[in-house]
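S.K.: Just one file: run_22.cif, with mmCIF, C-alpha atoms and all ligand atoms.
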```cif
data_model
#
loop_
_atom_site.group_PDB
_atom_site.id
_atom_site.type_symbol
_atom_site.label_atom_id
_atom_site.label_comp_id
_atom_site.auth_asym_id
_atom_site.auth_seq_id
_atom_site.Cartn_x
_atom_site.Cartn_y
_atom_site.Cartn_z
ATOM 1 C CA MET P 1 -24.066 -25.073 -11.364
ATOM 2 C CA THR P 2 -27.522 -25.063 -12.871
ATOM 3 C CA GLU P 3 -27.651 -26.901 -16.133
ATOM 4 C CA MET P 4 -29.176 -25.054 -19.066
ATOM 5 C CA ALA P 5 -32.214 -26.086 -21.049
ATOM 6 C CA THR P 6 -30.926 -26.002 -24.587
ATOM 7 C CA ASP P 7 -33.830 -25.645 -26.949
ATOM 8 C CA ARG P 8 -35.816 -22.807 -25.396
ATOM 9 C CA TRP P 9 -36.001 -19.230 -26.610
ATOM 10 C CA ILE P 10 -36.081 -16.224 -24.351
ATOM 11 C CA TRP P 11 -37.756 -12.968 -25.324
ATOM 12 C CA ARG P 12 -35.424 -10.094 -24.480
ATOM 13 C CA ASP P 13 -36.366 -6.524 -25.304
ATOM 14 C CA GLY P 14 -38.235 -7.407 -28.452
ATOM 15 C CA GLU P 15 -36.234 -10.298 -29.850
ATOM 16 C CA PHE P 16 -35.824 -13.978 -29.175
ATOM 17 C CA ILE P 17 -32.421 -15.263 -28.103
ATOM 18 C CA PRO P 18 -31.330 -18.829 -27.189
ATOM 19 C CA TRP P 19 -31.818 -19.756 -23.509
ATOM 20 C CA ALA P 20 -28.064 -20.112 -22.912
ATOM 21 C CA ASP P 21 -27.392 -16.601 -24.211
ATOM 22 C CA ALA P 22 -29.834 -14.909 -21.824
ATOM 23 C CA THR P 23 -27.183 -13.911 -19.287
ATOM 24 C CA VAL P 24 -26.232 -10.761 -17.387
ATOM 25 C CA HIS P 25 -22.880 -9.804 -15.899
ATOM 26 C CA VAL P 26 -22.232 -10.867 -12.285
ATOM 27 C CA LEU P 27 -21.784 -7.210 -11.398
ATOM 28 C CA SER P 28 -25.112 -6.127 -12.885
ATOM 29 C CA GLN P 29 -27.083 -3.726 -10.713
ATOM 30 C CA SER P 30 -30.137 -5.955 -10.200
ATOM 31 C CA LEU P 31 -27.994 -8.910 -9.156
ATOM 32 C CA GLN P 32 -25.874 -6.857 -6.761
ATOM 33 C CA ARG P 33 -28.750 -4.939 -5.197
ATOM 34 C CA GLY P 34 -31.777 -7.217 -5.572
ATOM 35 C CA THR P 35 -33.715 -4.714 -7.676
ATOM 36 C CA LEU P 36 -35.136 -7.240 -10.113
ATOM 37 C CA ALA P 37 -38.905 -6.899 -10.492
ATOM 38 C CA PHE P 38 -40.657 -10.016 -11.687
ATOM 39 C CA ASP P 39 -43.847 -11.945 -12.096
ATOM 40 C CA TYR P 40 -44.592 -15.594 -12.590
ATOM 41 C CA MET P 41 -47.475 -17.002 -14.595
ATOM 42 C CA SER P 42 -48.747 -20.460 -15.404
ATOM 43 C CA VAL P 43 -49.446 -21.822 -18.855
ATOM 44 C CA HIS P 44 -52.068 -24.534 -19.268
ATOM 45 C CA GLN P 45 -52.369 -26.981 -22.119
ATOM 46 C CA THR P 46 -56.106 -26.948 -22.858
ATOM 47 C CA GLU P 47 -58.222 -28.502 -25.619
ATOM 48 C CA GLN P 48 -58.177 -25.073 -27.290
ATOM 49 C CA GLY P 49 -54.366 -24.923 -27.148
ATOM 50 C CA PRO P 50 -51.925 -23.389 -24.678
ATOM 51 C CA ALA P 51 -53.360 -20.631 -22.504
ATOM 52 C CA ILE P 52 -51.839 -18.170 -20.030
ATOM 53 C CA LEU P 53 -53.848 -17.862 -16.822
ATOM 54 C CA LYS P 54 -54.804 -14.298 -15.849
ATOM 55 C CA LEU P 55 -52.240 -12.634 -18.068
ATOM 56 C CA GLY P 56 -53.707 -9.132 -17.614
ATOM 57 C CA PRO P 57 -53.635 -9.176 -13.773
ATOM 58 C CA HIS P 58 -50.064 -10.509 -13.732
ATOM 59 C CA ILE P 59 -48.796 -7.824 -16.100
ATOM 60 C CA ALA P 60 -50.699 -5.194 -14.102
ATOM 61 C CA ARG P 61 -48.909 -6.426 -10.963
ATOM 62 C CA LEU P 62 -45.523 -6.128 -12.694
ATOM 63 C CA PHE P 63 -46.322 -2.507 -13.508
ATOM 64 C CA GLU P 64 -47.468 -1.950 -9.933
ATOM 65 C CA THR P 65 -44.140 -3.338 -8.684
ATOM 66 C CA GLY P 66 -42.355 -0.999 -11.110
ATOM 67 C CA ARG P 67 -44.423 1.929 -9.881
ATOM 68 C CA ILE P 68 -43.688 1.201 -6.203
ATOM 69 C CA MET P 69 -39.961 0.899 -6.944
ATOM 70 C CA GLY P 70 -39.789 3.808 -9.352
ATOM 71 C CA LEU P 71 -38.423 1.421 -11.974
ATOM 72 C CA PRO P 72 -38.882 2.915 -15.439
ATOM 73 C CA LEU P 73 -40.591 0.292 -17.600
ATOM 74 C CA ASP P 74 -40.370 1.426 -21.181
ATOM 75 C CA TYR P 75 -43.333 -0.649 -22.401
ATOM 76 C CA THR P 76 -47.105 -0.568 -22.286
ATOM 77 C CA PRO P 77 -48.971 -3.411 -20.587
ATOM 78 C CA ALA P 78 -50.418 -4.410 -23.993
ATOM 79 C CA GLU P 79 -46.915 -4.707 -25.478
ATOM 80 C CA LEU P 80 -45.755 -6.991 -22.689
ATOM 81 C CA GLU P 81 -48.939 -9.065 -22.860
ATOM 82 C CA SER P 82 -48.389 -9.717 -26.546
ATOM 83 C CA ALA P 83 -44.698 -10.507 -25.895
ATOM 84 C CA CYS P 84 -45.818 -13.140 -23.344
ATOM 85 C CA ILE P 85 -48.129 -14.695 -25.931
ATOM 86 C CA ASP P 86 -45.273 -14.736 -28.469
ATOM 87 C CA ALA P 87 -42.985 -16.390 -25.903
ATOM 88 C CA VAL P 88 -45.506 -19.186 -25.348
ATOM 89 C CA ARG P 89 -45.940 -19.694 -29.102
ATOM 90 C CA LYS P 90 -42.184 -19.861 -29.566
ATOM 91 C CA ASN P 91 -41.762 -22.470 -26.801
ATOM 92 C CA PRO P 92 -44.186 -25.380 -27.312
ATOM 93 C CA GLY P 93 -45.128 -27.329 -24.187
ATOM 94 C CA ALA P 94 -44.389 -24.436 -21.809
ATOM 95 C CA THR P 95 -46.062 -24.652 -18.403
ATOM 96 C CA SER P 96 -44.412 -21.622 -16.806
ATOM 97 C CA LEU P 97 -43.868 -18.035 -17.820
ATOM 98 C CA LYS P 98 -41.490 -15.777 -15.955
ATOM 99 C CA ILE P 99 -41.214 -12.101 -16.788
ATOM 100 C CA SER P 100 -38.380 -10.092 -15.271
ATOM 101 C CA ALA P 101 -37.501 -6.408 -15.423
ATOM 102 C CA LEU P 102 -33.910 -5.756 -14.449
ATOM 103 C CA ILE P 103 -31.148 -3.209 -14.591
ATOM 104 C CA PRO P 104 -28.401 -5.128 -16.402
ATOM 105 C CA SER P 105 -25.754 -2.395 -16.347
ATOM 106 C CA ILE P 106 -22.879 -2.233 -13.864
ATOM 107 C CA GLU P 107 -23.292 0.793 -11.643
ATOM 108 C CA VAL P 108 -20.715 2.655 -9.616
ATOM 109 C CA GLU P 109 -23.319 4.278 -7.402
ATOM 110 C CA LEU P 110 -26.018 2.592 -5.362
ATOM 111 C CA VAL P 111 -28.530 4.689 -7.269
ATOM 112 C CA PRO P 112 -28.089 4.052 -10.987
ATOM 113 C CA GLN P 113 -27.541 7.304 -12.824
ATOM 114 C CA ASP P 114 -29.451 6.265 -15.875
ATOM 115 C CA PRO P 115 -31.304 3.045 -15.171
ATOM 116 C CA THR P 116 -32.025 1.206 -18.356
ATOM 117 C CA VAL P 117 -34.461 -1.578 -17.678
ATOM 118 C CA SER P 118 -34.292 -4.737 -19.706
ATOM 119 C CA VAL P 119 -37.327 -7.014 -19.855
ATOM 120 C CA VAL P 120 -36.921 -10.747 -20.345
ATOM 121 C CA ILE P 121 -39.640 -13.363 -20.718
ATOM 122 C CA ALA P 122 -38.940 -17.063 -20.348
ATOM 123 C CA ALA P 123 -41.556 -19.667 -21.259
ATOM 124 C CA TYR P 124 -40.551 -23.190 -20.308
ATOM 125 C CA ASP P 125 -41.679 -26.535 -18.949
ATOM 126 C CA SER P 126 -40.678 -26.417 -15.301
ATOM 127 C CA ARG P 127 -40.409 -30.186 -15.022
ATOM 128 C CA LYS P 128 -38.558 -31.005 -18.235
ATOM 129 C CA ASP P 129 -36.426 -27.878 -18.453
ATOM 130 C CA ILE P 130 -35.574 -27.322 -14.789
ATOM 131 C CA ILE P 131 -36.429 -30.167 -12.397
ATOM 132 C CA ASP P 132 -35.325 -33.063 -14.593
ATOM 133 C CA LYS P 133 -32.067 -31.323 -15.491
ATOM 134 C CA ASN P 134 -31.087 -30.449 -11.929
ATOM 135 C CA PRO P 135 -30.889 -33.413 -9.535
ATOM 136 C CA GLY P 136 -31.203 -31.110 -6.504
ATOM 137 C CA GLU P 137 -34.514 -29.638 -7.684
ATOM 138 C CA MET P 138 -37.672 -31.109 -6.186
ATOM 139 C CA PRO P 139 -41.243 -30.859 -7.449
ATOM 140 C CA HIS P 140 -43.575 -29.035 -5.045
ATOM 141 C CA ALA P 141 -44.878 -31.072 -2.107
ATOM 142 C CA LYS P 142 -48.509 -32.129 -2.656
ATOM 143 C CA GLU P 143 -49.511 -31.195 0.879
ATOM 144 C CA LEU P 144 -47.803 -28.561 2.976
ATOM 145 C CA SER P 145 -46.373 -28.496 6.450
ATOM 146 C CA LEU P 146 -45.734 -24.971 7.729
ATOM 147 C CA LYS P 147 -43.525 -23.645 10.472
ATOM 148 C CA ILE P 148 -44.656 -20.372 11.980
ATOM 149 C CA GLU P 149 -41.793 -17.916 11.618
ATOM 150 C CA ARG P 150 -41.757 -15.711 14.694
ATOM 151 C CA SER P 151 -38.374 -14.034 14.381
ATOM 152 C CA ILE P 152 -39.118 -11.911 11.315
ATOM 153 C CA SER P 153 -42.354 -10.254 10.316
ATOM 154 C CA ASN P 154 -43.897 -10.439 6.884
ATOM 155 C CA ARG P 155 -42.263 -7.301 5.527
ATOM 156 C CA ARG P 156 -40.846 -4.083 6.784
ATOM 157 C CA GLU P 157 -43.549 -2.019 5.130
ATOM 158 C CA ASP P 158 -41.373 1.057 5.373
ATOM 159 C CA VAL P 159 -38.578 -0.710 3.461
ATOM 160 C CA ILE P 160 -40.348 -2.658 0.721
ATOM 161 C CA PRO P 161 -44.145 -2.965 0.717
ATOM 162 C CA ALA P 162 -45.581 -6.485 0.529
ATOM 163 C CA GLN P 163 -47.219 -5.580 -2.784
ATOM 164 C CA ALA P 164 -43.882 -5.226 -4.616
ATOM 165 C CA LYS P 165 -42.736 -8.420 -6.282
ATOM 166 C CA VAL P 166 -39.060 -7.497 -6.174
ATOM 167 C CA ALA P 167 -36.183 -9.925 -5.607
ATOM 168 C CA ALA P 168 -34.910 -8.219 -2.434
ATOM 169 C CA ASN P 169 -38.296 -8.781 -0.804
ATOM 170 C CA TYR P 170 -37.665 -12.521 -0.733
ATOM 171 C CA THR P 171 -34.326 -12.776 1.045
ATOM 172 C CA ALA P 172 -35.502 -12.777 4.685
ATOM 173 C CA ALA P 173 -38.210 -15.324 3.914
ATOM 174 C CA LEU P 174 -35.728 -17.469 2.047
ATOM 175 C CA PHE P 175 -33.329 -17.654 5.001
ATOM 176 C CA ALA P 176 -36.225 -18.547 7.294
ATOM 177 C CA LYS P 177 -37.391 -21.185 4.846
ATOM 178 C CA TRP P 178 -33.952 -22.758 4.769
ATOM 179 C CA ARG P 179 -34.050 -23.036 8.558
ATOM 180 C CA ALA P 180 -37.554 -24.528 8.471
ATOM 181 C CA ARG P 181 -36.563 -27.042 5.794
ATOM 182 C CA ARG P 182 -33.807 -28.348 8.036
ATOM 183 C CA GLU P 183 -36.484 -29.072 10.633
ATOM 184 C CA GLY P 184 -38.567 -30.986 8.096
ATOM 185 C CA TYR P 185 -41.140 -28.342 7.133
ATOM 186 C CA ASP P 186 -42.027 -27.427 3.558
ATOM 187 C CA ASP P 187 -42.496 -23.709 4.083
ATOM 188 C CA ILE P 188 -42.807 -20.933 6.619
ATOM 189 C CA LEU P 189 -45.799 -18.885 7.637
ATOM 190 C CA LEU P 190 -44.990 -15.226 8.194
ATOM 191 C CA LEU P 191 -46.842 -13.022 10.659
ATOM 192 C CA ASP P 192 -47.257 -9.285 10.275
ATOM 193 C CA ASP P 193 -45.859 -6.818 12.774
ATOM 194 C CA GLY P 194 -49.102 -7.004 14.774
ATOM 195 C CA GLN P 195 -48.553 -10.787 15.079
ATOM 196 C CA PHE P 196 -51.509 -11.561 12.807
ATOM 197 C CA VAL P 197 -51.207 -14.201 10.099
ATOM 198 C CA ALA P 198 -49.795 -12.757 6.840
ATOM 199 C CA GLU P 199 -48.665 -15.186 4.133
ATOM 200 C CA CYS P 200 -46.144 -17.891 3.297
ATOM 201 C CA SER P 201 -42.854 -17.357 1.461
ATOM 202 C CA THR P 202 -44.452 -17.563 -1.988
ATOM 203 C CA SER P 203 -48.147 -18.122 -1.387
ATOM 204 C CA ASN P 204 -51.191 -16.597 0.317
ATOM 205 C CA ILE P 205 -53.025 -18.414 3.086
ATOM 206 C CA PHE P 206 -56.670 -19.175 3.880
ATOM 207 C CA ALA P 207 -58.350 -20.765 6.912
ATOM 208 C CA VAL P 208 -61.720 -22.483 6.862
ATOM 209 C CA ILE P 209 -63.662 -21.276 9.908
ATOM 210 C CA ASP P 210 -67.322 -22.168 10.459
ATOM 211 C CA GLY P 211 -67.549 -23.266 6.830
ATOM 212 C CA ALA P 212 -66.304 -19.927 5.433
ATOM 213 C CA ILE P 213 -62.866 -19.155 4.017
ATOM 214 C CA VAL P 214 -60.969 -16.404 5.802
ATOM 215 C CA THR P 215 -57.829 -14.738 4.477
ATOM 216 C CA PRO P 216 -55.736 -11.788 5.753
ATOM 217 C CA PRO P 217 -56.575 -8.375 4.257
ATOM 218 C CA GLU P 218 -54.950 -7.138 1.078
ATOM 219 C CA ASN P 219 -52.915 -4.385 2.658
ATOM 220 C CA ARG P 220 -50.762 -6.949 4.495
ATOM 221 C CA VAL P 221 -49.848 -9.357 1.721
ATOM 222 C CA LEU P 222 -48.783 -9.673 -1.872
ATOM 223 C CA HIS P 223 -51.840 -9.265 -4.075
ATOM 224 C CA GLY P 224 -51.851 -12.899 -5.090
ATOM 225 C CA VAL P 225 -53.597 -13.528 -8.372
ATOM 226 C CA THR P 226 -54.667 -16.984 -7.179
ATOM 227 C CA ARG P 227 -55.892 -15.437 -3.927
ATOM 228 C CA SER P 228 -58.274 -13.215 -5.888
ATOM 229 C CA SER P 229 -59.259 -16.162 -8.110
ATOM 230 C CA VAL P 230 -60.240 -18.210 -5.059
ATOM 231 C CA LEU P 231 -62.215 -15.292 -3.619
ATOM 232 C CA ALA P 232 -64.075 -15.118 -6.938
ATOM 233 C CA ILE P 233 -64.622 -18.885 -7.256
ATOM 234 C CA ALA P 234 -65.857 -19.475 -3.698
ATOM 235 C CA PRO P 235 -69.361 -18.016 -4.196
ATOM 236 C CA ALA P 236 -69.747 -20.220 -7.286
ATOM 237 C CA VAL P 237 -69.310 -23.291 -5.068
ATOM 238 C CA ASP P 238 -71.390 -21.850 -2.192
ATOM 239 C CA VAL P 239 -68.506 -21.103 0.147
ATOM 240 C CA PRO P 240 -68.728 -17.754 2.010
ATOM 241 C CA VAL P 241 -65.575 -15.585 2.146
ATOM 242 C CA ALA P 242 -64.116 -13.039 4.559
ATOM 243 C CA GLU P 243 -60.991 -10.881 4.344
ATOM 244 C CA ARG P 244 -59.992 -9.958 7.883
ATOM 245 C CA ASP P 245 -57.251 -10.175 10.488
ATOM 246 C CA LEU P 246 -56.570 -13.758 11.428
ATOM 247 C CA THR P 247 -54.833 -14.799 14.661
ATOM 248 C CA VAL P 248 -52.438 -17.714 14.943
ATOM 249 C CA ALA P 249 -54.836 -19.400 17.397
ATOM 250 C CA GLU P 250 -57.679 -19.150 14.870
ATOM 251 C CA LEU P 251 -55.488 -20.570 12.139
ATOM 252 C CA ILE P 252 -54.276 -23.502 14.182
ATOM 253 C CA GLY P 253 -57.810 -24.215 15.361
ATOM 254 C CA ALA P 254 -59.298 -23.923 11.842
ATOM 255 C CA GLN P 255 -61.231 -26.766 10.230
ATOM 256 C CA GLU P 256 -58.970 -26.592 7.186
ATOM 257 C CA VAL P 257 -56.083 -24.473 5.957
ATOM 258 C CA PHE P 258 -54.823 -24.013 2.428
ATOM 259 C CA CYS P 259 -52.398 -21.849 0.493
ATOM 260 C CA THR P 260 -52.771 -20.330 -2.953
ATOM 261 C CA GLY P 261 -50.167 -19.536 -5.574
ATOM 262 C CA THR P 262 -49.643 -19.630 -9.297
ATOM 263 C CA SER P 263 -47.333 -22.631 -9.299
ATOM 264 C CA VAL P 264 -49.720 -25.009 -7.517
ATOM 265 C CA GLY P 265 -53.148 -23.345 -7.420
ATOM 266 C CA VAL P 266 -54.966 -24.371 -4.238
ATOM 267 C CA TRP P 267 -52.603 -26.173 -1.905
ATOM 268 C CA PRO P 268 -53.715 -28.083 1.229
ATOM 269 C CA VAL P 269 -51.874 -27.391 4.493
ATOM 270 C CA VAL P 270 -51.907 -30.475 6.701
ATOM 271 C CA ARG P 271 -49.582 -29.428 9.535
ATOM 272 C CA ILE P 272 -48.693 -26.154 11.232
ATOM 273 C CA ASP P 273 -45.817 -26.411 13.709
ATOM 274 C CA ASP P 274 -46.548 -29.676 15.517
ATOM 275 C CA LYS P 275 -50.344 -29.527 15.067
ATOM 276 C CA ALA P 276 -52.101 -31.610 12.411
ATOM 277 C CA ILE P 277 -54.786 -29.724 10.484
ATOM 278 C CA ASN P 278 -57.989 -31.635 9.638
ATOM 279 C CA GLY P 279 -56.371 -34.821 10.951
ATOM 280 C CA GLY P 280 -53.399 -34.388 8.595
ATOM 281 C CA VAL P 281 -55.368 -34.708 5.341
ATOM 282 C CA MET P 282 -56.892 -32.330 2.793
ATOM 283 C CA GLY P 283 -60.356 -31.140 3.829
ATOM 284 C CA PRO P 284 -63.562 -31.091 1.729
ATOM 285 C CA ILE P 285 -63.760 -27.310 1.186
ATOM 286 C CA THR P 286 -60.109 -27.154 0.103
ATOM 287 C CA ARG P 287 -60.777 -30.013 -2.306
ATOM 288 C CA LYS P 288 -63.874 -28.332 -3.695
ATOM 289 C CA LEU P 289 -62.019 -25.085 -4.373
ATOM 290 C CA ARG P 290 -58.952 -26.872 -5.725
ATOM 291 C CA ASP P 291 -61.052 -28.944 -8.141
ATOM 292 C CA LYS P 292 -63.020 -25.907 -9.314
ATOM 293 C CA HIS P 293 -59.787 -23.968 -9.871
ATOM 294 C CA ARG P 294 -58.319 -26.897 -11.833
ATOM 295 C CA GLN P 295 -61.442 -27.090 -13.959
ATOM 296 C CA ILE P 296 -61.256 -23.375 -14.743
ATOM 297 C CA VAL P 297 -57.543 -23.322 -15.591
ATOM 298 C CA SER P 298 -57.935 -26.236 -17.957
ATOM 299 C CA GLY P 299 -60.604 -24.315 -19.899
ATOM 300 C CA GLN P 300 -63.510 -26.515 -18.818
ATOM 301 C CA ASP P 301 -65.722 -23.900 -17.212
ATOM 302 C CA SER P 302 -67.314 -21.556 -19.735
ATOM 303 C CA ALA P 303 -68.163 -18.998 -17.023
ATOM 304 C CA PHE P 304 -64.458 -18.345 -16.413
ATOM 305 C CA LEU P 305 -63.014 -18.654 -19.921
ATOM 306 C CA ASP P 306 -61.953 -15.015 -19.911
ATOM 307 C CA TRP P 307 -59.314 -15.859 -17.288
ATOM 308 C CA LEU P 308 -57.409 -17.632 -20.047
ATOM 309 C CA THR P 309 -55.464 -16.062 -22.891
ATOM 310 C CA PHE P 310 -55.211 -18.614 -25.656
ATOM 311 C CA CYS P 311 -51.903 -18.453 -27.496
ATOM 312 C CA ASN P 312 -52.407 -20.526 -30.634
HETATM 313 N N1 LIG P 401 -47.223 -14.165 -1.661
HETATM 314 C C1 LIG P 401 -45.954 -14.101 -2.105
HETATM 315 C C2 LIG P 401 -44.928 -13.459 -1.226
HETATM 316 C C3 LIG P 401 -45.604 -14.636 -3.367
HETATM 317 O O1 LIG P 401 -44.345 -14.576 -3.806
HETATM 318 C C4 LIG P 401 -46.605 -15.251 -4.156
HETATM 319 C C5 LIG P 401 -46.245 -15.850 -5.501
HETATM 320 N N2 LIG P 401 -46.325 -14.908 -6.530
HETATM 321 C C6 LIG P 401 -47.914 -15.286 -3.663
HETATM 322 C C7 LIG P 401 -48.190 -14.730 -2.417
HETATM 323 C C8 LIG P 401 -49.024 -15.880 -4.481
HETATM 324 O O2 LIG P 401 -49.310 -15.051 -5.581
HETATM 325 P P1 LIG P 401 -49.910 -15.631 -6.940
HETATM 326 O O3 LIG P 401 -51.184 -16.305 -6.605
HETATM 327 O O4 LIG P 401 -50.104 -14.440 -7.797
HETATM 328 O O5 LIG P 401 -48.900 -16.573 -7.489
#
```
If you took the structure in this file and wrote it as structure tokens, what would it be?
M.R.:
Amino acid sequence: MTEMATDRWIWRDGEFIPWADATVHVLSQSLQRGTLAFDYMSVHQTEQGPAILKLGPHIARLFETGRIMGLPLDYTPAELESACIDAVRKNPGATSLKISALIPSIEVELVPQDPTVSVVIAAYDSRKDIIDKNPGEMPHAKELSLKIERSISNRREDVIPAQAKVAANYTAALFAKWRARREGYDDILLLDDGQFVAECSTSNIFAVIDGAIVTPPENRVLHGVTRSSVLAIAPAVDVPVAERDLTVAELIGAQEVFCTGTSVGVWPVVRIDDKAINGGVMGPITRKLRDKHRQIVSGQDSAFLDWLTFCN
């Protein structure tokens, strides 16, 4: 049983309620059918106060998920952006921001007759409020080992497109990740149905080939906000970029490999299956991009200040 953080406030449909009261019934539609749409943002404590990274793009992605699913979201993006800012103000020290749109009602039919969508926003400190309170929870590994998952492809595009950040989209990857964990890997790498490299369970992937960073094209993967950040940062640190199909052989033979995601930023991959990447240590281009990204998110690069929404 997951222990509750006690002193946090959750924004729910326009009002703040205590963390422990932010529950839904076990028979709620989104829980039973996996129809919860969500997005996850990071909050950074900067010299100018707490700031949400790329708030606009994250909220836009939530609306895109809603559009793909046909989920009626009864808000404007501006309303949800200001609710996120309020949630950060209400919860000092937050490092994480999760926004979820769910159908809380209990439905008789598979297709809800009158889907009422509830939006909840939780701002919290992932270490103090979650990891420290749950002995089973582990902080993210600093360097990743990946197992290539060959039995399932990235997504069944005809079922749920990769661009929809909806709970049901994560189940197949989660099962595969459990299997990989038992073999000592941190995460899985999914291929697309043409056997090209796609993405990991909750991050996008890049290979460094001939000094340039190469990442699979957008139509095959979740539109990672950190992925687009890295594509924007790379020219600023003189690293060429390419978005193109990437084979497994190219990935395994790459000079460096890294993943990107909101929770960790730029994340070195040091092993894929039984092959060490860059001798099993983080490579120089990964480090350069990771450091630049860290500098930007902490508000120390004036050229990228508009990526941050200050909440004080
Ligand atoms: N792919 C998947 C499947 C994900 O769940 C995530 C995490 N949101 C990412 C990629 C990385 O996206 P972002 O950089 O926006 O966190």
S.K.: Give the residues close to ligand LIG 401 (chain P), within 8 Å, counting all atoms listed in the file; write them as a PDB file with C-alpha atoms, in the coordinates of the input.
M.R.:
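Dumped to part.pdb:
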```
ATOM      1  CA  ASP P  39     -43.847 -11.945 -12.096  1.00  0.00           C
ATOM      2  CA  TYR P  40     -44.592 -15.594 -12.590  1.00  0.00           C
ATOM      3  CA  MET P  41     -47.475 -17.002 -14.595  1.00  0.00           C
ATOM      4  CA  HIS P  58     -50.064 -10.509 -13.732  1.00  0.00           C
ATOM      5  CA  ALA P 162     -45.581  -6.485   0.529  1.00  0.00           C
ATOM      6  CA  LYS P 165     -42.736  -8.420  -6.282  1.00  0.00           C
ATOM      7  CA  TYR P 170     -37.665 -12.521  -0.733  1.00  0.00           C
ATOM      8  CA  GLU P 199     -48.665 -15.186   4.133  1.00  0.00           C
ATOM      9  CA  CYS P 200     -46.144 -17.891   3.297  1.00  0.00           C
ATOM     10  CA  SER P 201     -42.854 -17.357   1.461  1.00  0.00           C
ATOM     11  CA  THR P 202     -44.452 -17.563  -1.988  1.00  0.00           C
ATOM     12  CA  SER P 203     -48.147 -18.122  -1.387  1.00  0.00           C
ATOM     13  CA  ASN P 204     -51.191 -16.597   0.317  1.00  0.00           C
ATOM     14  CA  VAL P 221     -49.848  -9.357   1.721  1.00  0.00           C
ATOM     15  CA  LEU P 222     -48.783  -9.673  -1.872  1.00  0.00           C
ATOM     16  CA  HIS P 223     -51.840  -9.265  -4.075  1.00  0.00           C
ATOM     17  CA  GLY P 224     -51.851 -12.899  -5.090  1.00  0.00           C
ATOM     18  CA  VAL P 225     -53.597 -13.528  -8.372  1.00  0.00           C
ATOM     19  CA  THR P 226     -54.667 -16.984  -7.179  1.00  0.00           C
ATOM     20  CA  ARG P 227     -55.892 -15.437  -3.927  1.00  0.00           C
ATOM     21  CA  SER P 228     -58.274 -13.215  -5.888  1.00  0.00           C
ATOM     22  CA  THR P 260     -52.771 -20.330  -2.953  1.00  0.00           C
ATOM     23  CA  GLY P 261     -50.167 -19.536  -5.574  1.00  0.00           C
ATOM     24  CA  THR P 262     -49.643 -19.630  -9.297  1.00  0.00           C
ATOM     25  CA  SER P 263     -47.333 -22.631  -9.299  1.00  0.00           C
ATOM     26  CA  GLY P 265     -53.148 -23.345  -7.420  1.00  0.00           C
TER      27      GLY P 265
END
```
S.K.: Taking into account all atoms listed in the file, which residue in the set P:Asp274, P:Glu47, P:Glu15, P:Glu107 is nearest to Gln29 (chain P)?
M.R.: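 Nearest to Gln29 (chain P): P:Glu107.
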S.K.: Counting all atoms listed in the file, which of P:Gly49, P:Pro57, P:Gly34, P:Gly211 gets nearest to Ser229 (chain P)?
M.R.: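 Among P:Gly49, P:Pro57, P:Gly34, P:Gly211, it is P:Pro57 that comes nearest to Ser229 (chain P).
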S.K.: Which residues would end up in the selection if the PyMOL selection byres (((chain P and resi 151) around 12) and not hetatm) were applied here, given that I need the answer as a count of residues only?
M.R.: 21
S.K.: Do you have the CA of Ala51 (chain P)-CA of Asp132 (chain P) distance handy?
M.R.: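 About the pair CA of Ala51 (chain P) and CA of Asp132 (chain P): they are 23.3 Å apart.
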S.K.: Here is a test: counting only C-alpha atoms, which residue of P:Pro217, P:Pro135, P:Gly14, P:Gly184 is nearest to Val119 (chain P)?
M.R.: P:Gly14
S.K.: Which of these residues is nearest to Asp13 (chain P), using only C-alpha atoms: P:Arg244, P:Leu62, P:Asp238, P:Thr116?
M.R.: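 When distances to Asp13 (chain P) are compared using only C-alpha atoms, the smallest one comes from P:Thr116.
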S.K.: At a cut-off of 8 Å, using all atoms listed in the file, what residues contact Val266 (chain P)? Leave out same-chain residues fewer than 6 positions from it and give the result as a ChimeraX atom specification.
M.R.: /P:226,258-260,286,289-290,293
S.K.: What does the PyMOL selection byres (((chain P and resi 36) around 7) and not hetatm) select in this file, as number ranges by chain?
M.R.: P: 30, 34-35, 37-38, 100-102, 166-167
S.K.: Mind pulling up the distance from CA of Leu246 (chain P) to CA of Ala207 (chain P)?
M.R.: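 Between CA of Ala207 (chain P) and CA of Leu246 (chain P) the gap works out to 8.5 Å.
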S.K.: Would you write out, as a list in words, every residue that the PyMOL selection byres (((chain P and resi 273) around 9) and not hetatm) captures in this file?
M.R.: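 For this structure, the PyMOL selection byres (((chain P and resi 273) around 9) and not hetatm) captures Ser145, Leu146, Lys147, Ile148, Tyr185, Ile252, Arg271, Ile272, Asp274, Lys275 and Ala276 of chain P.
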S.K.: Considering all atoms listed in the file, state which residue in the set P:Thr309, P:Arg89, P:Arg61, P:Val26 is at the smallest distance from Pro104 (chain P).
M.R.: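 Nearest candidate to Pro104 (chain P) out of P:Thr309, P:Arg89, P:Arg61, P:Val26: P:Val26.
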